[in-house]
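Listing of query27.cif; format and content: mmCIF, C-alpha atoms and all ligand atoms.
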```cif
data_query
#
loop_
_atom_site.label_atom_id
_atom_site.label_comp_id
_atom_site.auth_asym_id
_atom_site.auth_seq_id
_atom_site.Cartn_x
_atom_site.Cartn_y
_atom_site.Cartn_z
CA MET A 1 0.00 0.00 0.00
CA LYS A 2 1.23 3.50 -0.79
CA ASN A 3 2.51 5.56 2.08
CA TYR A 4 1.08 9.07 2.11
CA SER A 5 2.88 12.10 3.42
CA ILE A 6 1.47 15.42 4.53
CA ALA A 7 3.98 18.21 5.22
CA ILE A 8 3.05 21.02 7.57
CA ASP A 9 5.46 23.94 7.88
CA GLY A 10 5.28 27.33 9.52
CA PRO A 11 6.68 29.45 12.36
CA SER A 12 6.46 28.47 16.01
CA GLY A 13 3.06 28.84 17.63
CA ALA A 14 1.19 28.74 14.32
CA GLY A 15 -0.68 25.64 15.48
CA LYS A 16 1.24 23.08 13.40
CA SER A 17 1.47 20.40 16.05
CA THR A 18 -2.19 20.73 17.08
CA LEU A 19 -3.28 20.36 13.46
CA ALA A 20 -0.77 17.63 12.63
CA ARG A 21 -1.74 15.56 15.66
CA ALA A 22 -5.46 15.88 14.91
CA LEU A 23 -5.00 14.92 11.25
CA ALA A 24 -2.73 11.98 12.09
CA GLU A 25 -5.32 10.65 14.51
CA LYS A 26 -8.18 11.01 12.03
CA LEU A 27 -6.26 9.44 9.16
CA GLY A 28 -4.43 6.75 11.17
CA PHE A 29 -1.07 8.20 10.08
CA LEU A 30 2.04 8.66 12.20
CA TYR A 31 2.52 12.16 13.61
CA ALA A 32 6.16 13.19 13.28
CA ASP A 33 7.20 16.31 15.17
CA THR A 34 10.60 17.22 13.70
CA GLY A 35 11.07 20.24 15.98
CA ALA A 36 11.36 17.75 18.85
CA ILE A 37 14.40 16.20 17.17
CA TYR A 38 16.18 19.59 16.93
CA ARG A 39 15.16 20.27 20.52
CA THR A 40 16.77 17.00 21.61
CA VAL A 41 20.05 17.99 19.92
CA GLY A 42 19.78 21.43 21.58
CA LEU A 43 19.22 19.85 25.00
CA SER A 44 22.21 17.57 24.60
CA ALA A 45 24.43 20.57 23.78
CA LEU A 46 23.22 22.48 26.84
CA ARG A 47 23.78 19.46 29.05
CA ALA A 48 27.31 19.05 27.74
CA GLY A 49 28.04 22.71 28.45
CA ILE A 50 28.46 23.41 24.75
CA ASP A 51 27.40 26.71 23.19
CA PRO A 52 24.60 25.66 20.78
CA LYS A 53 25.83 28.36 18.38
CA ASP A 54 29.27 26.72 18.13
CA GLU A 55 28.81 24.51 15.07
CA GLN A 56 32.14 22.71 15.39
CA ALA A 57 31.53 21.74 19.00
CA VAL A 58 27.93 20.66 18.34
CA ALA A 59 28.92 18.69 15.24
CA ALA A 60 31.73 16.93 17.09
CA ARG A 61 29.19 15.45 19.49
CA LEU A 62 26.69 14.28 16.88
CA PRO A 63 28.18 10.79 16.40
CA GLU A 64 27.80 10.15 20.13
CA LEU A 65 24.13 11.04 20.13
CA ASP A 66 21.65 8.23 20.11
CA ILE A 67 18.31 9.85 19.35
CA GLU A 68 15.21 7.70 19.12
CA LEU A 69 11.73 8.73 18.25
CA ILE A 70 9.17 6.43 19.81
CA HIS A 71 5.43 6.38 19.40
CA ALA A 72 4.22 5.18 22.76
CA ASP A 73 0.89 3.68 23.78
CA ASP A 74 -0.28 7.12 24.93
CA GLY A 75 -0.28 8.08 21.24
CA LEU A 76 2.40 10.69 21.81
CA GLN A 77 5.80 10.97 20.24
CA HIS A 78 8.51 10.46 22.85
CA MET A 79 12.10 11.57 22.37
CA ILE A 80 14.75 9.27 23.77
CA LEU A 81 18.26 10.68 24.17
CA ASN A 82 20.88 8.04 24.90
CA GLY A 83 18.26 5.87 26.57
CA GLU A 84 16.58 8.64 28.60
CA ASP A 85 13.06 9.88 27.86
CA VAL A 86 13.50 13.66 27.48
CA THR A 87 10.02 14.40 26.08
CA GLU A 88 9.26 16.85 28.92
CA GLN A 89 12.74 18.33 29.27
CA ILE A 90 12.87 19.58 25.67
CA ARG A 91 9.93 21.95 26.16
CA THR A 92 11.62 24.71 28.17
CA PRO A 93 12.27 28.19 26.69
CA GLU A 94 16.04 27.60 27.06
CA VAL A 95 15.83 24.48 24.94
CA SER A 96 13.70 26.38 22.37
CA MET A 97 16.52 28.88 21.87
CA ALA A 98 19.16 26.11 21.79
CA ALA A 99 17.11 24.18 19.22
CA SER A 100 16.87 27.23 17.00
CA ALA A 101 20.66 27.71 17.26
CA VAL A 102 21.62 24.10 16.46
CA ALA A 103 19.05 24.02 13.64
CA ALA A 104 21.03 26.73 11.84
CA HIS A 105 24.06 24.42 11.42
CA PRO A 106 24.24 22.60 8.05
CA SER A 107 25.98 19.62 9.67
CA VAL A 108 23.13 19.16 12.14
CA ARG A 109 20.47 19.40 9.42
CA ALA A 110 22.33 16.90 7.22
CA PHE A 111 22.73 14.52 10.16
CA LEU A 112 18.97 14.56 10.88
CA LEU A 113 17.73 14.38 7.29
CA ASP A 114 17.74 10.59 6.91
CA THR A 115 16.01 10.07 10.24
CA GLN A 116 13.13 12.22 9.03
CA ARG A 117 12.97 10.72 5.53
CA ASP A 118 13.08 7.17 6.92
CA LEU A 119 9.96 7.84 8.94
CA ALA A 120 8.08 8.86 5.80
CA LYS A 121 9.40 5.82 3.91
CA LYS A 122 8.15 3.40 6.53
CA HIS A 123 4.82 5.03 7.42
CA SER A 124 2.12 7.32 6.18
CA VAL A 125 2.96 10.50 8.06
CA VAL A 126 1.81 13.94 8.98
CA MET A 127 5.16 15.65 9.55
CA ASP A 128 5.56 19.16 10.89
CA GLY A 129 8.58 21.45 10.94
CA ARG A 130 10.12 24.31 9.00
CA ASP A 131 11.54 22.70 5.86
CA ILE A 132 9.44 19.58 5.41
CA GLY A 133 7.79 20.70 2.17
CA THR A 134 10.93 22.37 0.81
CA VAL A 135 13.75 19.98 1.80
CA VAL A 136 12.78 16.86 3.74
CA LEU A 137 9.75 15.70 1.73
CA PRO A 138 9.69 17.72 -1.51
CA ASP A 139 7.33 15.13 -3.02
CA ALA A 140 4.80 15.17 -0.18
CA ASP A 141 1.23 14.47 -1.27
CA LEU A 142 0.02 17.64 0.39
CA LYS A 143 1.96 20.61 1.76
CA ILE A 144 0.37 23.09 4.12
CA PHE A 145 2.10 26.30 5.17
CA MET A 146 0.57 27.55 8.38
CA SER A 147 0.77 31.04 9.76
CA ALA A 148 -0.92 33.26 12.32
CA ASP A 149 -0.31 36.78 13.62
CA ILE A 150 2.70 36.90 15.92
CA GLN A 151 0.65 38.34 18.81
CA GLN A 152 -1.73 35.42 18.47
CA ARG A 153 1.11 32.91 18.38
CA ALA A 154 2.87 34.45 21.40
CA TRP A 155 -0.40 34.39 23.32
CA ARG A 156 -0.93 30.70 22.54
CA ARG A 157 2.63 29.91 23.66
CA THR A 158 2.14 31.92 26.88
CA ILE A 159 -0.91 29.82 27.73
CA GLU A 160 0.93 26.61 26.85
CA LEU A 161 3.85 27.47 29.15
CA ALA A 162 1.48 28.35 31.99
CA GLU A 163 -0.36 25.06 31.56
CA ARG A 164 2.96 23.24 31.74
CA GLY A 165 3.70 24.88 35.08
CA THR A 166 6.49 27.06 33.63
CA PRO A 167 4.76 30.45 33.21
CA LYS A 168 6.46 33.36 31.50
CA PRO A 169 5.20 36.92 30.88
CA TYR A 170 3.57 37.49 27.48
CA GLU A 171 6.03 40.30 26.59
CA GLU A 172 9.01 38.00 27.09
CA VAL A 173 7.41 35.21 25.07
CA LEU A 174 6.65 37.69 22.27
CA GLU A 175 10.22 39.00 22.26
CA GLU A 176 11.73 35.51 22.13
CA MET A 177 9.33 34.50 19.39
CA GLU A 178 10.29 37.52 17.28
CA GLN A 179 13.94 36.63 17.75
CA ARG A 180 13.38 32.97 16.86
CA ASP A 181 11.25 33.86 13.81
CA ARG A 182 14.03 36.11 12.59
CA ASP A 183 16.72 33.47 13.17
CA ASP A 184 14.71 30.66 11.55
CA ALA A 185 13.80 32.76 8.51
CA THR A 186 17.17 34.37 7.86
CA ARG A 187 19.57 31.46 8.40
CA ASP A 188 21.56 30.38 5.34
CA VAL A 189 20.55 26.74 5.40
CA ALA A 190 16.93 25.62 4.94
CA PRO A 191 15.37 28.89 6.09
CA LEU A 192 11.67 28.88 6.86
CA ARG A 193 9.85 29.57 3.62
CA GLN A 194 6.71 28.43 1.91
CA ALA A 195 7.19 25.76 -0.77
CA GLU A 196 5.87 26.89 -4.14
CA ASP A 197 3.28 24.13 -4.18
CA ALA A 198 2.20 24.54 -0.54
CA VAL A 199 -1.28 25.64 0.40
CA PRO A 200 -1.21 28.64 2.76
CA LEU A 201 -3.38 28.36 5.85
CA ASN A 202 -3.55 31.39 8.14
CA ASN A 203 -5.48 30.46 11.25
CA SER A 204 -5.34 33.74 13.21
CA HIS A 205 -9.10 33.92 13.12
CA LEU A 206 -9.97 30.23 12.97
CA THR A 207 -10.79 27.91 15.86
CA ILE A 208 -8.88 24.62 16.10
CA GLN A 209 -11.92 22.82 14.75
CA GLU A 210 -12.21 25.16 11.78
CA THR A 211 -8.50 24.76 11.05
CA VAL A 212 -8.77 20.96 11.12
CA GLU A 213 -11.86 21.05 8.88
CA THR A 214 -10.08 23.28 6.35
CA ALA A 215 -7.15 20.86 6.22
CA GLU A 216 -9.46 17.84 5.94
CA GLN A 217 -11.13 19.44 2.96
CA LEU A 218 -7.71 19.85 1.31
CA ILE A 219 -6.86 16.21 2.02
CA ARG A 220 -10.11 15.02 0.47
CA GLU A 221 -9.43 17.08 -2.64
CA ARG A 222 -5.76 16.14 -3.02
CA LEU A 223 -5.48 12.61 -1.69
CA GLY A 224 -9.04 11.45 -2.24
CA LEU A 225 -9.14 10.09 1.31
O1 LIG B 1 8.70 23.53 16.12
P1 LIG B 1 9.61 23.74 17.32
O2 LIG B 1 9.41 25.06 18.01
O3 LIG B 1 9.56 22.60 18.28
O4 LIG B 1 11.09 23.77 16.70
C1 LIG B 1 12.23 24.02 17.48
C2 LIG B 1 13.31 24.70 16.63
O5 LIG B 1 13.81 23.78 15.66
C3 LIG B 1 12.84 25.92 15.87
O6 LIG B 1 13.49 27.09 16.33
C4 LIG B 1 13.22 25.70 14.43
C5 LIG B 1 13.91 24.37 14.39
N1 LIG B 1 13.34 23.47 13.38
C6 LIG B 1 13.91 23.48 12.14
O7 LIG B 1 14.82 24.25 11.88
N2 LIG B 1 13.47 22.60 11.19
C7 LIG B 1 12.46 21.75 11.45
N3 LIG B 1 12.05 20.90 10.50
C8 LIG B 1 11.85 21.77 12.72
C9 LIG B 1 12.30 22.65 13.67
#
```

Would you write the structure of this file as structure tokens?
Ligand code: DC
Amino acid sequence: MKNYSIAIDGPSGAGKSTLARALAEKLGFLYADTGAIYRTVGLSALRAGIDPKDEQAVAARLPELDIELIHADDGLQHMILNGEDVTEQIRTPEVSMAASAVAAHPSVRAFLLDTQRDLAKKHSVVMDGRDIGTVVLPDADLKIFMSADIQQRAWRRTIELAERGTPKPYEEVLEEMEQRDRDDATRDVAPLRQAEDAVPLNNSHLTIQETVETAEQLIRERLGL
């Protein structure tokens, strides 16, 4: 049977993971959160006392990293770093910044490319990230480029952090998000950009349900599912 792939790209807080998870569940596809993989590399650099911006130092450690992506019975994607489940630990603001820094290194992106492509070879996937439609899965059956106003995205992230028990003032979240948007969009390698054949989906004024319904409509049209 053919494996289908749906690529969802966009800036942080645009609602990619919420949409991707909902679609994966409805379609019976695997949800692959590629940001979590970069976060795991970022965490490992921080733990080793390495500056995530130092490409040479980060790259030197890559061969020692054993990163596994497991889909557990709870339906969630768990990240395993050298045998330890770090799914929770990779969600702090510090790790967000470290992930953005390591993601700018060509050596890190090259190292993680096969891991991501292998997932799509073995399973039907809904994969979210920044360069899925442009680099990782250029032949995806459907590409969606999500966006939302930055104030809206920062607000969503503020709520998410509070719910996790790690609250942070909205202004700080907004500032960090602006910084990360800038870094992700202006880096030399695989910058965040919309693939030419991606369908834009701005959900600033859509509820989660409306966003999912819009995407489902696209899937019916494109994949006939
Ligand atoms: O989606 P996220 O916030 O969990 O991603 C964390 C960082 O990883 C983000 O700053 C950009 C980077 N990233 C990337 O460069 N390419 C991807 N495919 C996914 C994430």

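Atom CA of Asp128 of chain A lies 11.4 Å from atom CA of Leu23 of chain A.
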
Practice problem: List all protein, DNA and RNA residues that have an atom no more than 6 Å from any atom of ligand LIG 1 (chain B), counting all atoms listed in the file, and report them as a ChimeraX atom specification. | Solution: /A:12,34-36,38-39,96,99-100,103,129-132,180,184

Expected file: the selected residues, C-alpha atoms, as an mmCIF file, in the coordinates of the input:
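Output file part20.cif is given in full below:
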```cif
data_model
loop_
_atom_site.group_PDB
_atom_site.id
_atom_site.type_symbol
_atom_site.label_atom_id
_atom_site.label_comp_id
_atom_site.auth_asym_id
_atom_site.auth_seq_id
_atom_site.Cartn_x
_atom_site.Cartn_y
_atom_site.Cartn_z
ATOM 1 C CA SER A 12 6.460 28.470 16.010
ATOM 2 C CA THR A 34 10.600 17.220 13.700
ATOM 3 C CA GLY A 35 11.070 20.240 15.980
ATOM 4 C CA ALA A 36 11.360 17.750 18.850
ATOM 5 C CA TYR A 38 16.180 19.590 16.930
ATOM 6 C CA ARG A 39 15.160 20.270 20.520
ATOM 7 C CA SER A 96 13.700 26.380 22.370
ATOM 8 C CA ALA A 99 17.110 24.180 19.220
ATOM 9 C CA SER A 100 16.870 27.230 17.000
ATOM 10 C CA ALA A 103 19.050 24.020 13.640
ATOM 11 C CA GLY A 129 8.580 21.450 10.940
ATOM 12 C CA ARG A 130 10.120 24.310 9.000
ATOM 13 C CA ASP A 131 11.540 22.700 5.860
ATOM 14 C CA ILE A 132 9.440 19.580 5.410
ATOM 15 C CA ARG A 180 13.380 32.970 16.860
ATOM 16 C CA ASP A 184 14.710 30.660 11.550
#
```

Practice problem: Write out as JSON, numbers by chain each polymer residue whose atoms come within 12 Å of Ala14 of chain A, counting all atoms listed in the file; drop sequence neighbours fewer than 5 positions from it. | Solution: {"A": [8, 9, 19, 20, 128, 129, 130, 144, 145, 146, 147, 148, 149, 150, 151, 152, 153, 154, 155, 156, 157, 177, 181, 200, 201, 202, 203, 204, 205, 206, 208, 211]}

Compile the contact shell of Met127 of chain A as a CSV table (one decimal) with C-alpha atoms, keeping the file's coordinate frame: residues with an atom at most 10 Å away, counting all atoms listed in the file, same-chain residues fewer than 6 positions apart removed.
```
chain,number,residue,atom,x,y,z
A,5,SER,CA,2.9,12.1,3.4
A,6,ILE,CA,1.5,15.4,4.5
A,7,ALA,CA,4.0,18.2,5.2
A,8,ILE,CA,3.0,21.0,7.6
A,9,ASP,CA,5.5,23.9,7.9
A,16,LYS,CA,1.2,23.1,13.4
A,17,SER,CA,1.5,20.4,16.0
A,20,ALA,CA,-0.8,17.6,12.6
A,21,ARG,CA,-1.7,15.6,15.7
A,24,ALA,CA,-2.7,12.0,12.1
A,29,PHE,CA,-1.1,8.2,10.1
A,30,LEU,CA,2.0,8.7,12.2
A,31,TYR,CA,2.5,12.2,13.6
A,32,ALA,CA,6.2,13.2,13.3
A,33,ASP,CA,7.2,16.3,15.2
A,34,THR,CA,10.6,17.2,13.7
A,35,GLY,CA,11.1,20.2,16.0
A,116,GLN,CA,13.1,12.2,9.0
A,119,LEU,CA,10.0,7.8,8.9
A,120,ALA,CA,8.1,8.9,5.8
A,133,GLY,CA,7.8,20.7,2.2
A,136,VAL,CA,12.8,16.9,3.7
A,137,LEU,CA,9.8,15.7,1.7
A,140,ALA,CA,4.8,15.2,-0.2
A,143,LYS,CA,2.0,20.6,1.8
```

Practice problem: Go through A:Thr87, A:Ser107, A:Glu176, A:Met1 and flag the residue nearest Leu62 of chain A, using only C-alpha atoms for the distances. | Solution: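 Going through A:Thr87, A:Ser107, A:Glu176, A:Met1 one by one, the smallest distance to Leu62 of chain A is for A:Ser107.
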
Self-check item: Atom pair atom CA of Leu113 of chain A / atom CA of Val135 of chain A: separation (Å)
Solution: 8.8 Å

Exercise. Kindly give the distance, in Å, that separates atom CA of Thr92 of chain A and atom CA of Glu160 of chain A, rounded to a single decimal.
Key: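 One can read the atom CA of Thr92 of chain A to atom CA of Glu160 of chain A distance as 10.9 Å.
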
Exercise. Measuring atom to atom with all atoms listed in the file, identify which of A:Asp51, A:Asp183, A:Glu25, A:Glu196 is nearest to Glu216 of chain A.
Key: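 The closest residue to Glu216 of chain A is A:Glu25.
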
Self-check item: Within 12 Å of Glu88 of chain A using all atoms listed in the file, minus same-chain residues under 5 positions, as a ChimeraX atom specification
Solution: /A:36,39-40,43,76-81,93,95,161,164-166

Around segment 195-202 of chain A, fit a box with edges along x, y and z, padding it by 8 Å on each side, then list its centre and edge lengths in Å to one decimal as lines of an AutoDock Vina configuration file.
```
center_x = 1.8
center_y = 27.8
center_z = 2.0
size_x = 26.7
size_y = 23.3
size_z = 28.3
```
